[in-house]
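First comes the structure, then the notes that go with it.
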Amino acid sequence: MKSFSTHYVQESSPVTHPGVWGAQDLETAETPLAMLEPEAMSISTQRARIGLQARQDLRHHFVNVPVPCLLFFAFIAMVLTHTPIHQVYLADHGVSSSLNPKASDVVQSKTIVNFMKIRAMDDIPKWINNSVLPSVFTKTAVNGTILPPELQGRISSYNQLVGAVEFSIFNTRMTKCESDSLLAKRYGPCFDFSMESDVKEGDLATRNLRRQPWYTMYIPIANPDPYARFKRWVDEGSAGGYFLSMATREFHVKITTYNGELDMFSYLHFEIHVEEGGAYTPTYSVQSVPTNPYSTSVLNTILDIIVGIFVLAVLGRRLLTIKRQICRQVAWRCDARTTFIEWCSILCVGLYYAAWVQICQKFFASHFEDELAKLTTFYDDLYKLPLAEQRIQMGKSNQPDVSDFIDTFGPSIQFLYVISIVACLQLVVHVLAAFQFHPTMNILTNTIVASLKRLGAFLFIFLLVVMALATSGCLLFGPQLDEFSSLHKSMVTCINMLFGGYSYDMIKDYNDLAILWYWASQSIITLVLINIMLAVIIAAHEDVVTTNEGKRSFITEFIAVLQDVLSIYVLRRPDHLRRLETILNQDVNGTTVWTAKQIAQAINVTDLQGEKTIRKLEVFANTVSSSERTVLPSKAASMLDAAAVLAKVASMDAKVQDVDAKLAFIVELLRQQQQTHL
């Protein structure tokens, strides 16, 4: 018995031997001795890998966020500098106030007609004689004195005419009516409204002197009497049957101006389209663009460089990713959504600069000013000739070429504005995609996606109801109102009614059933369908917000990443987490739980730094949702999987042998004790 006690005390010492119970074995078996010790801070290997992966992902996301944001703001600043909207408005407003003022600013009379109020053929000469010619061909000052030649031909004092004012009439030909009824036979000839003819057809002489189907006149600043020239054009056309008549389908007035105070080039196009029913539809457009913004401010060049740097950053990162994947430096992983958005952003910015360069080339690389100077000299010489010889000499004018070139400004400026809008919207999508990684910053996009998933079938029902109401509205009001004159216009009108863009007062006098149709449309669409749609969107938004409410903080995570980056790359402190990741990848023992002390020993730091490392890992691991906590093993860890499994098997065998030895010792001890009692 004495020998047993002595042997037990010896085996209770810190020194352990195979097959003997020791302090370490008692702790691993969760004996009261282990329960008395304080619980050490620890982290599982899986959670540590999750934290390390989350740290890498957050760094990647926060590094990528500034570039789309800065690109968006730089692009907006660049667009508004290239095309200064306020200056564009001043130029457009200046010419519009003279040539196309608001209807409320014009007192309609027998002689003064507002362009947008033209409703009859005889209104067109009145508008030209009393609005266009007096506004464009200014030769006297307010006090009646003759203006110097360089100050003549200015609209609203500061918008000088470039080239000449172009007046064009497109006349169609008479043809037999399609119907062979008795009414059609009594009707007489019809006019071919399907006839098409390009105004640019023909050589210079033909275009300068032709009468059919286009009847064109140019009046430059150098013309000594523009009113008399317009009268001769009217008289000759009326006598020959190619002025305004029943055969007229289109009437165009094109004016180009330059504002030196704003350095703004403006293109104005007035068009009157004659419908088959005999109604006149006037349309007006004006586009303005700076002629040389780079000479007025160096800011334009600076912003171009900044935008180029950010675009190259996005492009370089995308190409670098492709290169690393081709070289097998990283796995072939492709976020199709982000990749598509980034390439679209690059494409939109590239298209904008292509449109911008095209406009700049029109001023700098097209010899436009040389052709304009040549045309000015031609007109100066032309009006020195007798009137009879002017028409013959006019056939040699390069005015059609200059006019064709000026006509290209309108579509180019319009395309520039359209691509600017598209690029701005695309860059907003790019910014939202950059914030998509964080649940508090992707509420808008997630709400839209969730709503579309829920509204898929509902939108089909909504479209059917709107189409039914649009068809009924087309039948009820189409004969009297342009807004309902076709199915697509009627659908647009019905949609506008949802947003208050079309009121009941506009339809109440055109059909006795207007009140019933209006009540039905408002009841079905507004009170039922729209409210259902809003309810679905609100429910989707609440689900998105509730799912991630209070779980993550954008500011907290940003500060954590910022502190981590600054401590390593600015304060030059050792990257303990990187060293720990290397240890985890090289761990062949298959450790499942790491204590702060074990981490400190592994990365050669103090125990306090080991605890700090665990806290950092917990902070990063908490940013990963439970559904995303699947960490792919690294390449080094994959290579060690087999060794780790073998090590675990060997460890289990050793433990089994150890337990067998201890059991044998206990059995032997009990046998000896039993023999002693006997």
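Letters A, B, ... mark the chains of the structure tokens in the order given; residue numbers begin at 1 per chain; ligand numbers begin at 1, in order shown.
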
Worksheet item: Which residues, written as number ranges by chain, have at least one atom at most 12 Å from A:Thr301, with only C-alpha atoms counted and residues fewer than 3 positions away on the same chain left out?
Response: A: 77-79, 81-82, 292-298, 304-308

Practice prompt. Would you please give, as a VMD selection string, all residues of stretch 100-341 of chain A that DSSP assigns to helix (DSSP H, G or I) based on the backbone?
Written response: chain A and resid 103 to 105 115 to 117 123 to 136 149 to 151 182 to 187 204 to 209 226 to 240 293 to 296 299 to 326 336 to 341

Would you give me, as a tab-separated table, each residue of stretch 246-322 of chain A having an atom within 10 Å of an atom of stretch 64-70 of chain A, along with its shortest atom pair and that distance in Å to one decimal, using only C-alpha atoms and sorting by chain and residue number?
```
residue	atom	partner	partner_atom	distance
A:Ile306	CA	A:Leu70	CA	9.2
A:Val307	CA	A:Leu70	CA	8.7
A:Ile309	CA	A:Val67	CA	9.8
A:Phe310	CA	A:Val67	CA	6.3
A:Val311	CA	A:Val67	CA	8.7
A:Ala313	CA	A:Val67	CA	7.6
A:Val314	CA	A:Val67	CA	7.5
A:Arg317	CA	A:Asn64	CA	9.5
```

For the selection just defined, write its residues with N, CA and C atoms to a file, as an mmCIF file, in the first residue's frame.
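Full text of out_9.cif as output:
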```
data_model
loop_
_atom_site.group_PDB
_atom_site.id
_atom_site.type_symbol
_atom_site.label_atom_id
_atom_site.label_comp_id
_atom_site.auth_asym_id
_atom_site.auth_seq_id
_atom_site.Cartn_x
_atom_site.Cartn_y
_atom_site.Cartn_z
ATOM 1 N N ILE A 306 -7.204 63.828 -65.157
ATOM 2 C CA ILE A 306 -7.677 63.125 -63.957
ATOM 3 C C ILE A 306 -8.629 61.996 -64.337
ATOM 4 N N VAL A 307 -9.580 62.295 -65.225
ATOM 5 C CA VAL A 307 -10.510 61.246 -65.665
ATOM 6 C C VAL A 307 -9.750 60.114 -66.349
ATOM 7 N N ILE A 309 -6.692 59.157 -65.788
ATOM 8 C CA ILE A 309 -5.968 58.366 -64.784
ATOM 9 C C ILE A 309 -6.894 57.360 -64.116
ATOM 10 N N PHE A 310 -8.086 57.818 -63.747
ATOM 11 C CA PHE A 310 -9.020 56.909 -63.072
ATOM 12 C C PHE A 310 -9.517 55.813 -64.011
ATOM 13 N N VAL A 311 -9.764 56.160 -65.267
ATOM 14 C CA VAL A 311 -10.194 55.138 -66.230
ATOM 15 C C VAL A 311 -9.079 54.117 -66.456
ATOM 16 N N ALA A 313 -6.857 53.369 -64.304
ATOM 17 C CA ALA A 313 -6.775 52.558 -63.083
ATOM 18 C C ALA A 313 -7.771 51.402 -63.133
ATOM 19 N N VAL A 314 -9.000 51.701 -63.557
ATOM 20 C CA VAL A 314 -10.007 50.638 -63.676
ATOM 21 C C VAL A 314 -9.605 49.637 -64.751
ATOM 22 N N ARG A 317 -6.524 47.533 -63.601
ATOM 23 C CA ARG A 317 -6.877 46.505 -62.628
ATOM 24 C C ARG A 317 -7.585 45.333 -63.300
#
```

Practice prompt. Quick one: everything within 9 Å of stretch 41-53 of chain A, counting only C-alpha atoms, minus sequence neighbours fewer than 3 positions away in the same chain. Send it as number ranges by chain.
Written response: A: 56-58, 577-578, 581, 584, 590-599, 611, 614, 616-624, 629-633

Worksheet item: Skipping near chain neighbours, those fewer than 2 positions away, what residues fall within 6 Å of stretch 197-214 of chain A using only C-alpha atoms, listed as a count of residues only?
Response: 4

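Listed by chain and then by rising number, the residues of stretch 279-418 of chain A that DSSP assigns to strand (DSSP E) from the backbone are Tyr280, Thr281, Pro282, Thr283, Tyr284, Ser285, Val286, Gln287, Ser288, Val289 and Pro290 of chain A.
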
Hey, can you spit out that residue selection with C-alpha atoms as a PDB file, in the first residue's frame?
```
ATOM      1  CA  TYR A 280     -48.998  72.024 -89.325  1.00  0.00           C
ATOM      2  CA  THR A 281     -46.620  70.696 -86.656  1.00  0.00           C
ATOM      3  CA  PRO A 282     -43.775  73.088 -85.805  1.00  0.00           C
ATOM      4  CA  THR A 283     -40.671  71.780 -84.020  1.00  0.00           C
ATOM      5  CA  TYR A 284     -37.659  73.713 -82.830  1.00  0.00           C
ATOM      6  CA  SER A 285     -34.238  72.634 -81.598  1.00  0.00           C
ATOM      7  CA  VAL A 286     -31.076  74.461 -80.592  1.00  0.00           C
ATOM      8  CA  GLN A 287     -27.750  72.922 -79.600  1.00  0.00           C
ATOM      9  CA  SER A 288     -24.737  74.855 -78.396  1.00  0.00           C
ATOM     10  CA  VAL A 289     -21.176  73.840 -77.673  1.00  0.00           C
ATOM     11  CA  PRO A 290     -17.957  75.756 -76.889  1.00  0.00           C
TER      12      PRO A 290
END
```

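Restricting the calculation to only C-alpha atoms, the smallest distance between A:Gly260 and any of A:Met394, A:Ala661, A:Leu161, A:Ile406 is found for A:Leu161.
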
Item to complete: Please provide the set of residues having any atom within 8 Å of A:Thr138, restricted to only C-alpha atoms, with same-chain residues fewer than 2 positions apart removed, written as a list in words.
Response: Pro134, Ser135, Val136, Thr140, Ala141, Gln152, Gly153, Arg154 and Ile155 of chain A

Practice prompt. Measuring atom to atom with only C-alpha atoms, identify which of A:Thr445, A:Ile128, A:His61, A:Glu261 is nearest to A:Gln160.
Written response: A:Glu261

Discussion item. To one decimal place in Å, what is the distance between atom CA of A:Trp233 and atom CA of A:Glu166?
Written reply: 12.2 Å

Discussion item. Which residues are near stretch 352-366 of chain A? Cut-off 7 Å, only C-alpha atoms, ignore same chain within fewer than 5 positions. Put them as a VMD selection string.
Written reply: chain A and resid 291 412 416 419 to 420

Applying 9 Å and only C-alpha atoms, which residues near A:Met533 remain after dropping the ones on its own chain fewer than 2 positions away? List them as a short mmCIF file (atom, residue, chain, number, x, y, z; two decimals) with N, CA and C atoms, in the first residue's frame.
```cif
data_model
loop_
_atom_site.label_atom_id
_atom_site.label_comp_id
_atom_site.auth_asym_id
_atom_site.auth_seq_id
_atom_site.Cartn_x
_atom_site.Cartn_y
_atom_site.Cartn_z
N SER A 451 -37.33 43.63 -55.32
CA SER A 451 -38.65 44.05 -55.82
C SER A 451 -38.92 43.48 -57.19
N LEU A 455 -42.00 41.30 -58.36
CA LEU A 455 -42.95 41.98 -59.26
C LEU A 455 -42.95 41.41 -60.66
N PHE A 458 -46.43 40.33 -61.58
CA PHE A 458 -47.33 41.47 -61.40
C PHE A 458 -47.15 42.50 -62.52
N LEU A 459 -45.92 42.71 -62.95
CA LEU A 459 -45.69 43.69 -64.01
C LEU A 459 -46.37 43.27 -65.31
N VAL A 528 -55.37 50.57 -56.96
CA VAL A 528 -55.14 49.14 -56.75
C VAL A 528 -53.73 48.73 -57.15
N LEU A 529 -53.43 48.83 -58.45
CA LEU A 529 -52.17 48.30 -58.95
C LEU A 529 -50.96 49.04 -58.39
N ILE A 530 -51.01 50.35 -58.40
CA ILE A 530 -49.87 51.12 -57.90
C ILE A 530 -49.65 50.88 -56.41
N ASN A 531 -50.74 50.81 -55.65
CA ASN A 531 -50.59 50.55 -54.22
C ASN A 531 -50.04 49.15 -53.96
N ALA A 535 -46.57 48.49 -52.07
CA ALA A 535 -46.52 47.58 -50.92
C ALA A 535 -45.43 46.53 -51.10
N VAL A 536 -45.30 46.01 -52.31
CA VAL A 536 -44.26 45.01 -52.58
C VAL A 536 -42.88 45.63 -52.42
N ILE A 537 -42.70 46.83 -52.93
CA ILE A 537 -41.39 47.49 -52.83
C ILE A 537 -41.06 47.79 -51.37
N ILE A 538 -42.03 48.29 -50.62
CA ILE A 538 -41.79 48.59 -49.20
C ILE A 538 -41.47 47.31 -48.43
#
```

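Using only C-alpha atoms for every distance, the candidate list A:Val113, A:Cys327, A:Cys348, A:Leu669 yields A:Cys348 as the residue closest to A:His430.
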